[in-house]
>>> print(open('work_3.pdb').read())   # PDB, C-alpha atoms
ATOM      1  CA  MET P 497      82.501  19.517 205.852
ATOM      2  CA  ILE P 498      83.595  23.001 204.751
ATOM      3  CA  GLY P 499      82.046  24.643 201.715
ATOM      4  CA  LEU P 500      84.463  26.290 199.290
ATOM      5  CA  THR P 501      83.435  28.942 196.782
ATOM      6  CA  THR P 502      85.032  30.555 193.778
ATOM      7  CA  PRO P 503      85.984  34.210 194.276
ATOM      8  CA  PRO P 504      83.613  36.931 193.067
ATOM      9  CA  GLY P 505      84.248  38.621 189.780
ATOM     10  CA  PRO P 506      85.075  37.254 186.339
ATOM     11  CA  LEU P 507      85.665  33.501 186.129
ATOM     12  CA  ARG P 508      87.421  31.914 183.168
ATOM     13  CA  VAL P 509      86.841  28.182 182.828
ATOM     14  CA  LEU P 510      88.476  25.686 180.497
ATOM     15  CA  ALA P 511      86.755  22.313 180.006
ATOM     16  CA  LEU P 512      88.835  19.583 178.375
ATOM     17  CA  GLY P 513      87.655  16.279 176.950
ATOM     18  CA  ALA P 514      89.232  13.515 174.938
ATOM     19  CA  HIS P 515      85.997  12.865 173.033
ATOM     20  CA  PRO P 516      82.721  14.589 172.190
ATOM     21  CA  ASP P 517      80.355  14.186 175.186
ATOM     22  CA  ASP P 518      83.157  13.707 177.781
ATOM     23  CA  ILE P 519      82.753  17.233 179.114
ATOM     24  CA  GLU P 520      78.981  17.147 179.367
ATOM     25  CA  ILE P 521      78.883  13.669 180.942
ATOM     26  CA  GLY P 522      81.622  14.510 183.422
ATOM     27  CA  CYS P 523      80.662  18.023 184.456
ATOM     28  CA  GLY P 524      77.529  19.098 182.582
ATOM     29  CA  GLY P 525      75.685  19.867 185.812
ATOM     30  CA  THR P 526      78.545  22.026 186.997
ATOM     31  CA  LEU P 527      78.460  23.931 183.713
ATOM     32  CA  LEU P 528      74.732  24.517 184.138
ATOM     33  CA  LYS P 529      75.375  25.900 187.615
ATOM     34  CA  ILE P 530      78.180  28.282 186.639
ATOM     35  CA  ALA P 531      76.233  29.401 183.553
ATOM     36  CA  GLY P 532      74.125  31.495 185.905
ATOM     37  CA  ARG P 533      77.075  33.761 186.687
ATOM     38  CA  PRO P 534      77.037  37.012 184.719
ATOM     39  CA  ASP P 535      80.827  37.055 184.410
ATOM     40  CA  ILE P 536      81.611  33.533 183.190
ATOM     41  CA  THR P 537      83.798  32.753 180.174
ATOM     42  CA  LEU P 538      83.843  29.094 179.164
ATOM     43  CA  ARG P 539      86.110  27.571 176.562
ATOM     44  CA  GLY P 540      85.888  23.884 175.692
ATOM     45  CA  ALA P 541      88.310  21.662 173.808
ATOM     46  CA  ILE P 542      88.132  18.059 172.655
ATOM     47  CA  LEU P 543      90.938  16.085 171.056
ATOM     48  CA  THR P 544      89.106  13.526 168.898
ATOM     49  CA  GLY P 545      85.896  13.126 166.959
ATOM     50  CA  SER P 546      84.465  12.678 163.488
ATOM     51  CA  PRO P 547      82.990  15.795 161.861
ATOM     52  CA  GLU P 548      79.516  14.579 162.814
ATOM     53  CA  ARG P 549      80.435  13.972 166.450
ATOM     54  CA  ALA P 550      82.341  17.257 166.653
ATOM     55  CA  ALA P 551      79.245  19.041 165.371
ATOM     56  CA  GLU P 552      77.202  17.426 168.158
ATOM     57  CA  ALA P 553      79.694  18.673 170.734
ATOM     58  CA  ALA P 554      79.833  22.164 169.241
ATOM     59  CA  ALA P 555      76.056  22.457 169.611
ATOM     60  CA  ALA P 556      75.937  20.832 173.046
ATOM     61  CA  LEU P 557      78.407  22.974 174.984
ATOM     62  CA  PRO P 558      76.619  26.321 174.455
ATOM     63  CA  ALA P 559      73.361  24.631 175.495
ATOM     64  CA  PHE P 560      74.930  23.926 178.877
ATOM     65  CA  CYS P 561      76.613  27.331 179.131
ATOM     66  CA  PRO P 562      75.452  30.014 176.686
ATOM     67  CA  GLY P 563      78.301  31.753 174.929
ATOM     68  CA  ALA P 564      80.707  28.845 175.361
ATOM     69  CA  GLU P 565      83.084  28.114 172.500
ATOM     70  CA  LEU P 566      84.483  24.706 171.561
ATOM     71  CA  GLU P 567      87.672  23.732 169.758
ATOM     72  CA  SER P 568      87.909  20.280 168.216
ATOM     73  CA  GLY P 569      90.981  18.253 167.358
ATOM     74  CA  THR P 570      91.031  15.452 164.810
ATOM     75  CA  LEU P 571      93.266  12.883 166.502
ATOM     76  CA  PRO P 572      92.158   9.216 166.349
ATOM     77  CA  ASP P 573      89.733   7.970 169.004
ATOM     78  CA  GLY P 574      91.297   5.393 171.310
ATOM     79  CA  ARG P 575      94.856   6.147 170.174
ATOM     80  CA  LEU P 576      95.841   9.341 171.979
ATOM     81  CA  PRO P 577      98.807   7.834 173.877
ATOM     82  CA  GLY P 578     100.366   7.067 170.485
ATOM     83  CA  HIS P 579     100.003  10.757 169.628
ATOM     84  CA  TRP P 580     101.485  12.121 172.857
ATOM     85  CA  VAL P 581     103.400  14.914 171.123
ATOM     86  CA  GLU P 582     100.361  16.115 169.184
ATOM     87  CA  VAL P 583      98.200  16.105 172.329
ATOM     88  CA  LYS P 584     100.841  18.057 174.249
ATOM     89  CA  GLU P 585     101.173  20.583 171.430
ATOM     90  CA  PHE P 586      97.391  20.980 171.162
ATOM     91  CA  LEU P 587      97.121  21.769 174.867
ATOM     92  CA  HIS P 588     100.116  24.122 174.900
ATOM     93  CA  ASP P 589      98.753  25.991 171.897
ATOM     94  CA  LEU P 590      95.439  26.357 173.709
ATOM     95  CA  SER P 591      97.181  27.601 176.867
ATOM     96  CA  GLY P 592      98.852  30.347 174.862
ATOM     97  CA  ARG P 593      95.479  31.650 173.699
ATOM     98  CA  PHE P 594      93.321  31.180 176.791
ATOM     99  CA  GLU P 595      94.366  31.557 180.427
ATOM    100  CA  PRO P 596      91.721  30.013 182.711
ATOM    101  CA  ASP P 597      91.170  30.291 186.430
ATOM    102  CA  LEU P 598      89.674  26.796 186.569
ATOM    103  CA  VAL P 599      90.393  23.723 184.444
ATOM    104  CA  LEU P 600      87.923  20.830 184.241
ATOM    105  CA  CYS P 601      89.381  17.639 182.782
ATOM    106  CA  PRO P 602      89.183  13.832 182.984
ATOM    107  CA  SER P 603      90.619  11.970 185.957
ATOM    108  CA  VAL P 604      94.263  10.974 185.847
ATOM    109  CA  ASP P 605      93.160   7.497 187.030
ATOM    110  CA  ASP P 606      90.490   7.018 184.360
ATOM    111  CA  ALA P 607      90.734   3.538 182.837
ATOM    112  CA  HIS P 608      90.278   4.865 179.297
ATOM    113  CA  GLN P 609      93.695   5.682 177.893
ATOM    114  CA  ASP P 610      92.501   8.801 176.045
ATOM    115  CA  HIS P 611      90.808  10.267 179.129
ATOM    116  CA  ARG P 612      93.791   9.447 181.312
ATOM    117  CA  LEU P 613      96.318  11.120 179.019
ATOM    118  CA  VAL P 614      94.352  14.354 178.739
ATOM    119  CA  GLY P 615      93.945  14.462 182.523
ATOM    120  CA  ARG P 616      97.623  13.872 183.182
ATOM    121  CA  LEU P 617      98.893  16.368 180.645
ATOM    122  CA  ALA P 618      96.518  19.084 181.841
ATOM    123  CA  SER P 619      98.448  19.471 185.104
ATOM    124  CA  THR P 620     101.740  19.822 183.217
ATOM    125  CA  VAL P 621     100.365  22.595 181.004
ATOM    126  CA  TRP P 622      98.284  24.568 183.526
ATOM    127  CA  ARG P 623     100.451  24.715 186.640
ATOM    128  CA  ASP P 624      98.955  27.754 188.377
ATOM    129  CA  GLN P 625      95.253  26.984 187.962
ATOM    130  CA  LEU P 626      92.809  24.996 190.028
ATOM    131  CA  ILE P 627      92.314  21.685 188.212
ATOM    132  CA  LEU P 628      89.252  19.579 188.959
ATOM    133  CA  GLN P 629      89.186  16.135 187.377
ATOM    134  CA  TYR P 630      85.714  14.866 186.551
ATOM    135  CA  GLU P 631      84.568  11.241 186.447
ATOM    136  CA  ILE P 632      82.972   9.287 183.599
ATOM    137  CA  PRO P 633      81.042   6.089 184.441
ATOM    138  CA  LYS P 634      81.908   3.061 182.318
ATOM    139  CA  TRP P 635      82.143  -0.724 182.384
ATOM    140  CA  ASP P 636      85.769  -0.587 183.607
ATOM    141  CA  ALA P 637      84.539   0.126 187.169
ATOM    142  CA  ASP P 638      87.253   2.722 187.705
ATOM    143  CA  LEU P 639      85.377   5.199 189.921
ATOM    144  CA  ARG P 640      87.062   5.967 193.219
ATOM    145  CA  PRO P 641      86.215   8.181 196.205
ATOM    146  CA  PRO P 642      86.276  11.823 195.068
ATOM    147  CA  THR P 643      87.759  14.753 196.922
ATOM    148  CA  HIS P 644      85.427  17.581 195.878
ATOM    149  CA  TYR P 645      81.743  17.918 195.062
ATOM    150  CA  VAL P 646      79.471  20.389 193.313
ATOM    151  CA  ALA P 647      75.938  20.118 194.706
ATOM    152  CA  LEU P 648      73.151  20.180 192.126
ATOM    153  CA  SER P 649      69.446  20.789 192.417
ATOM    154  CA  GLU P 650      67.036  18.242 190.997
ATOM    155  CA  GLU P 651      66.258  20.694 188.204
ATOM    156  CA  GLU P 652      69.951  20.989 187.279
ATOM    157  CA  ALA P 653      70.498  17.224 187.361
ATOM    158  CA  ARG P 654      67.493  16.476 185.165
ATOM    159  CA  ARG P 655      68.339  19.342 182.840
ATOM    160  CA  LYS P 656      71.798  17.816 182.360
ATOM    161  CA  VAL P 657      70.294  14.487 181.348
ATOM    162  CA  ASP P 658      67.759  16.105 179.029
ATOM    163  CA  LEU P 659      70.501  18.046 177.246
ATOM    164  CA  LEU P 660      72.710  14.967 176.918
ATOM    165  CA  ASN P 661      69.875  13.086 175.245
ATOM    166  CA  ALA P 662      68.935  16.020 173.033
ATOM    167  CA  HIS P 663      72.415  16.774 171.742
ATOM    168  CA  TYR P 664      74.064  13.366 171.531
ATOM    169  CA  ALA P 665      71.561  11.403 169.475
ATOM    170  CA  SER P 666      74.415   9.295 168.081
ATOM    171  CA  GLN P 667      74.921   7.755 171.520
ATOM    172  CA  LEU P 668      71.335   6.935 172.449
ATOM    173  CA  GLU P 669      71.570   3.309 171.298
ATOM    174  CA  ARG P 670      74.559   2.505 173.492
ATOM    175  CA  ASP P 671      73.639  -0.011 176.187
ATOM    176  CA  TRP P 672      75.117   2.145 178.970
ATOM    177  CA  TRP P 673      73.536   5.432 177.917
ATOM    178  CA  ASP P 674      70.352   6.025 179.883
ATOM    179  CA  ASP P 675      68.794   8.429 182.362
ATOM    180  CA  GLU P 676      69.122   5.944 185.208
ATOM    181  CA  LEU P 677      72.901   5.791 184.911
ATOM    182  CA  PHE P 678      73.435   9.546 184.797
ATOM    183  CA  LEU P 679      70.904  10.379 187.504
ATOM    184  CA  GLY P 680      72.000   7.430 189.652
ATOM    185  CA  LEU P 681      75.625   8.548 189.795
ATOM    186  CA  MET P 682      74.622  12.131 190.555
ATOM    187  CA  ARG P 683      72.249  10.879 193.256
ATOM    188  CA  LEU P 684      75.002   8.795 194.857
ATOM    189  CA  ARG P 685      77.407  11.727 194.846
ATOM    190  CA  GLY P 686      74.642  13.885 196.276
ATOM    191  CA  VAL P 687      74.201  11.517 199.216
ATOM    192  CA  GLU P 688      77.932  11.746 199.876
ATOM    193  CA  CYS P 689      77.830  15.537 200.208
ATOM    194  CA  LYS P 690      74.365  15.903 201.783
ATOM    195  CA  SER P 691      72.685  17.154 198.645
ATOM    196  CA  ARG P 692      69.965  15.708 196.451
ATOM    197  CA  TYR P 693      72.318  15.428 193.469
ATOM    198  CA  ALA P 694      75.957  16.320 192.845
ATOM    199  CA  GLU P 695      78.888  15.919 190.517
ATOM    200  CA  ALA P 696      82.192  14.780 191.950
ATOM    201  CA  PHE P 697      85.790  15.656 191.180
ATOM    202  CA  HIS P 698      89.338  14.813 192.132
ATOM    203  CA  ALA P 699      91.910  17.487 192.936
ATOM    204  CA  ALA P 700      95.581  16.757 193.492
ATOM    205  CA  LYS P 701      96.467  20.222 194.777
ATOM    206  CA  VAL P 702      94.279  22.972 196.203
ATOM    207  CA  VAL P 703      95.646  26.157 197.792
ATOM    208  CA  LEU P 704      93.485  27.641 200.543
ATOM    209  CA  GLU P 705      93.721  31.315 201.465
ATOM    210  CA  LEU P 706      92.470  31.602 205.036
TER     211      LEU P 706
END
>>> encode(input="work_3.pdb", output="structure tokens")
Amino acid sequence: MIGLTTPPGPLRVLALGAHPDDIEIGCGGTLLKIAGRPDITLRGAILTGSPERAAEAAAALPAFCPGAELESGTLPDGRLPGHWVEVKEFLHDLSGRFEPDLVLCPSVDDAHQDHRLVGRLASTVWRDQLILQYEIPKWDADLRPPTHYVALSEEEARRKVDLLNAHYASQLERDWWDDELFLGLMRLRGVECKSRYAEAFHAAKVVLEL
């Protein structure tokens, strides 16, 4: 196992989600880790969400990474494939205003059609950036072996869960939303990379400079 690191200096990160809470569920621990860098710029964008849910997301992202900004679209939840053109235009407009070094987005194999579309279009819009696709646990049982990991301390993992619960009160009554699920997946991914906890990602193309 070889550890890879981001280069020193300023790091511009774009986090994409189809829905409010996608980003924080998929890579909230990673955001907590990079928030410690003095030279981080984080921009978030979600494609769907009611005004109430968008407000939750707008408050949540800066809690994970102070100074982060979030843009929210108003496309219908669960119907993004039927709005392919609008999704593509939203992402291209964003790319014209923010040029990241790293893009975090849903997996292209995610069973949820909204997640999957955002993940697949990200690689057609940002062709020169490192794209890491995060995973979201769900009843579809669509998780597959990841290619990359970000190791997390116990403090970072538990902080992620605490912030999820604090900022997404609208989701607390869902039968799948609980500390055990979030910590359990991070614990499993931690075992796979010899860490206590971790978040996992998929990457289709990574260029190594040796």
>>> residues_around(input="work_3.pdb", residues="Ala607 in chain P", least_positions_apart="2", cutoff="10 Å", atoms="all atoms listed in the file", output="PyMOL selection string")
chain P and resi 603-605+609-612+632+634-639
>>> closest_atom_pairs(input="work_3.pdb", of="range 499-531 of chain P", to="range 565-572 of chain P", cutoff="12 Å", atoms="all atoms listed in the file", output="JSON lines")
{"residue": "P:Val509", "atom": "CA", "partner": "P:Glu565", "partner_atom": "CA", "distance": 11.0}
{"residue": "P:Leu510", "atom": "CA", "partner": "P:Leu566", "partner_atom": "CA", "distance": 9.8}
{"residue": "P:Ala511", "atom": "CA", "partner": "P:Leu566", "partner_atom": "CA", "distance": 9.1}
{"residue": "P:Leu512", "atom": "CA", "partner": "P:Leu566", "partner_atom": "CA", "distance": 9.6}
{"residue": "P:Gly513", "atom": "CA", "partner": "P:Ser568", "partner_atom": "CA", "distance": 9.6}
{"residue": "P:Ala514", "atom": "CA", "partner": "P:Gly569", "partner_atom": "CA", "distance": 9.1}
{"residue": "P:His515", "atom": "CA", "partner": "P:Ser568", "partner_atom": "CA", "distance": 9.0}
{"residue": "P:Pro516", "atom": "CA", "partner": "P:Ser568", "partner_atom": "CA", "distance": 8.7}
{"residue": "P:Asp517", "atom": "CA", "partner": "P:Leu566", "partner_atom": "CA", "distance": 11.9}
{"residue": "P:Ile519", "atom": "CA", "partner": "P:Leu566", "partner_atom": "CA", "distance": 10.8}
>>> resolve_selection(input="work_3.pdb", expression="the PyMOL selection byres ((chain P and resi 660) around 12)", output="VMD selection string")
chain P and resid 516 to 525 552 to 553 555 to 557 559 to 560 653 to 659 661 to 668 673 to 675 678 to 679
>>> residues_around(input="work_3.pdb", residues="range 533-535 of chain P", least_positions_apart="2", cutoff="12 Å", atoms="all atoms listed in the file", output="NGL selection string")
:P and (502-509 or 526-531 or 537-538 or 561-563)
>>> write_last_selection(input="work_3.pdb", atoms="C-alpha atoms", output="mmCIF file, keeping the file's coordinate frame")
data_model
loop_
_atom_site.group_PDB
_atom_site.id
_atom_site.type_symbol
_atom_site.label_atom_id
_atom_site.label_comp_id
_atom_site.auth_asym_id
_atom_site.auth_seq_id
_atom_site.Cartn_x
_atom_site.Cartn_y
_atom_site.Cartn_z
ATOM 1 C CA THR P 502 85.032 30.555 193.778
ATOM 2 C CA PRO P 503 85.984 34.210 194.276
ATOM 3 C CA PRO P 504 83.613 36.931 193.067
ATOM 4 C CA GLY P 505 84.248 38.621 189.780
ATOM 5 C CA PRO P 506 85.075 37.254 186.339
ATOM 6 C CA LEU P 507 85.665 33.501 186.129
ATOM 7 C CA ARG P 508 87.421 31.914 183.168
ATOM 8 C CA VAL P 509 86.841 28.182 182.828
ATOM 9 C CA THR P 526 78.545 22.026 186.997
ATOM 10 C CA LEU P 527 78.460 23.931 183.713
ATOM 11 C CA LEU P 528 74.732 24.517 184.138
ATOM 12 C CA LYS P 529 75.375 25.900 187.615
ATOM 13 C CA ILE P 530 78.180 28.282 186.639
ATOM 14 C CA ALA P 531 76.233 29.401 183.553
ATOM 15 C CA THR P 537 83.798 32.753 180.174
ATOM 16 C CA LEU P 538 83.843 29.094 179.164
ATOM 17 C CA CYS P 561 76.613 27.331 179.131
ATOM 18 C CA PRO P 562 75.452 30.014 176.686
ATOM 19 C CA GLY P 563 78.301 31.753 174.929
#
>>> residues_around(input="work_3.pdb", residues="Tyr630 in chain P", least_positions_apart="4", cutoff="8 Å", atoms="all atoms listed in the file", output="list in words")
Gly522, Cys523, Leu600, Cys601, Pro602, Ser603, Glu695, Ala696, Phe697 and His698 of chain P
>>> atom_distance(input="work_3.pdb", atom1="CA of Glu595 in chain P", atom2="CA of Trp622 in chain P")
8.6 Å
>>> axis_aligned_box(input="work_3.pdb", around="range 616-623 of chain P", padding_each_side="8 Å", output="AutoDock Vina command-line options")
--center_x 99.1 --center_y 19.3 --center_z 183.6 --size_x 21.2 --size_y 26.8 --size_z 22.0
>>> residues_around(input="work_3.pdb", residues="range 699-706 of chain P", least_positions_apart="6", cutoff="7 Å", atoms="all atoms listed in the file", output="PDB file with C-alpha atoms, keeping the file's coordinate frame")
ATOM      1  CA  LEU P 626      92.809  24.996 190.028  1.00  0.00           C
ATOM      2  CA  ILE P 627      92.314  21.685 188.212  1.00  0.00           C
ATOM      3  CA  LEU P 628      89.252  19.579 188.959  1.00  0.00           C
ATOM      4  CA  GLN P 629      89.186  16.135 187.377  1.00  0.00           C
ATOM      5  CA  THR P 643      87.759  14.753 196.922  1.00  0.00           C
TER       6      THR P 643
END
>>> atom_distance(input="work_3.pdb", atom1="CA of Ala551 in chain P", atom2="CA of Glu650 in chain P")
28.4 Å
>>> closest_residue(input="work_3.pdb", among="P:Glu652, P:Trp672, P:Val687, P:His644", to="Leu500 in chain P", atoms="only C-alpha atoms")
P:His644
>>> atom_distance(input="work_3.pdb", atom1="CA of Thr620 in chain P", atom2="CA of His579 in chain P")
16.4 Å
>>> decode(input="work_3.pdb", residues="range 499-555 of chain P", atoms="C-alpha atoms", output="PDB file, in the first residue's frame")
ATOM      1  CA  GLY P 499       0.193   6.579   0.526  1.00  0.00           C
ATOM      2  CA  LEU P 500      -0.620   9.434  -1.847  1.00  0.00           C
ATOM      3  CA  THR P 501      -0.786  13.067  -0.776  1.00  0.00           C
ATOM      4  CA  THR P 502      -2.047  16.262  -2.316  1.00  0.00           C
ATOM      5  CA  PRO P 503       0.690  18.729  -3.285  1.00  0.00           C
ATOM      6  CA  PRO P 504       1.578  21.556  -0.897  1.00  0.00           C
ATOM      7  CA  GLY P 505       0.167  24.983  -1.471  1.00  0.00           C
ATOM      8  CA  PRO P 506      -3.350  26.189  -2.227  1.00  0.00           C
ATOM      9  CA  LEU P 507      -5.957  23.478  -2.805  1.00  0.00           C
ATOM     10  CA  ARG P 508      -9.267  24.215  -4.499  1.00  0.00           C
ATOM     11  CA  VAL P 509     -11.941  21.592  -3.905  1.00  0.00           C
ATOM     12  CA  LEU P 510     -15.361  21.227  -5.488  1.00  0.00           C
ATOM     13  CA  ALA P 511     -17.898  18.962  -3.751  1.00  0.00           C
ATOM     14  CA  LEU P 512     -20.945  17.970  -5.793  1.00  0.00           C
ATOM     15  CA  GLY P 513     -24.155  16.370  -4.579  1.00  0.00           C
ATOM     16  CA  ALA P 514     -27.505  15.594  -6.110  1.00  0.00           C
ATOM     17  CA  HIS P 515     -29.323  16.300  -2.837  1.00  0.00           C
ATOM     18  CA  PRO P 516     -28.790  18.122   0.451  1.00  0.00           C
ATOM     19  CA  ASP P 517     -26.736  15.843   2.759  1.00  0.00           C
ATOM     20  CA  ASP P 518     -25.121  13.825  -0.092  1.00  0.00           C
ATOM     21  CA  ILE P 519     -21.811  15.634   0.278  1.00  0.00           C
ATOM     22  CA  GLU P 520     -21.613  15.362   4.044  1.00  0.00           C
ATOM     23  CA  ILE P 521     -22.673  11.694   4.118  1.00  0.00           C
ATOM     24  CA  GLY P 522     -20.287  10.753   1.330  1.00  0.00           C
ATOM     25  CA  CYS P 523     -17.203  12.742   2.262  1.00  0.00           C
ATOM     26  CA  GLY P 524     -17.878  14.741   5.429  1.00  0.00           C
ATOM     27  CA  GLY P 525     -14.893  13.207   7.207  1.00  0.00           C
ATOM     28  CA  THR P 526     -12.636  14.111   4.320  1.00  0.00           C
ATOM     29  CA  LEU P 527     -13.894  17.692   4.466  1.00  0.00           C
ATOM     30  CA  LEU P 528     -13.129  17.819   8.183  1.00  0.00           C
ATOM     31  CA  LYS P 529      -9.599  16.620   7.469  1.00  0.00           C
ATOM     32  CA  ILE P 530      -8.839  19.095   4.679  1.00  0.00           C
ATOM     33  CA  ALA P 531     -10.425  21.929   6.685  1.00  0.00           C
ATOM     34  CA  GLY P 532      -7.243  21.969   8.741  1.00  0.00           C
ATOM     35  CA  ARG P 533      -5.225  23.218   5.771  1.00  0.00           C
ATOM     36  CA  PRO P 534      -4.608  26.967   5.842  1.00  0.00           C
ATOM     37  CA  ASP P 535      -4.876  27.242   2.059  1.00  0.00           C
ATOM     38  CA  ILE P 536      -8.104  25.366   1.306  1.00  0.00           C
ATOM     39  CA  THR P 537     -10.939  26.756  -0.820  1.00  0.00           C
ATOM     40  CA  LEU P 538     -14.085  24.631  -0.838  1.00  0.00           C
ATOM     41  CA  ARG P 539     -17.088  25.189  -3.050  1.00  0.00           C
ATOM     42  CA  GLY P 540     -20.141  22.949  -2.803  1.00  0.00           C
ATOM     43  CA  ALA P 541     -23.057  22.511  -5.183  1.00  0.00           C
ATOM     44  CA  ILE P 542     -26.271  20.518  -4.975  1.00  0.00           C
ATOM     45  CA  LEU P 543     -28.814  20.087  -7.745  1.00  0.00           C
ATOM     46  CA  THR P 544     -32.087  19.524  -5.865  1.00  0.00           C
ATOM     47  CA  GLY P 545     -33.768  20.444  -2.617  1.00  0.00           C
ATOM     48  CA  SER P 546     -36.674  22.341  -1.117  1.00  0.00           C
ATOM     49  CA  PRO P 547     -35.862  25.751   0.383  1.00  0.00           C
ATOM     50  CA  GLU P 548     -35.871  24.168   3.840  1.00  0.00           C
ATOM     51  CA  ARG P 549     -33.517  21.356   2.851  1.00  0.00           C
ATOM     52  CA  ALA P 550     -31.259  23.742   0.935  1.00  0.00           C
ATOM     53  CA  ALA P 551     -31.025  25.897   4.052  1.00  0.00           C
ATOM     54  CA  GLU P 552     -29.922  22.836   6.043  1.00  0.00           C
ATOM     55  CA  ALA P 553     -27.195  22.139   3.498  1.00  0.00           C
ATOM     56  CA  ALA P 554     -26.064  25.764   3.381  1.00  0.00           C
ATOM     57  CA  ALA P 555     -25.530  25.704   7.150  1.00  0.00           C
TER      58      ALA P 555
END
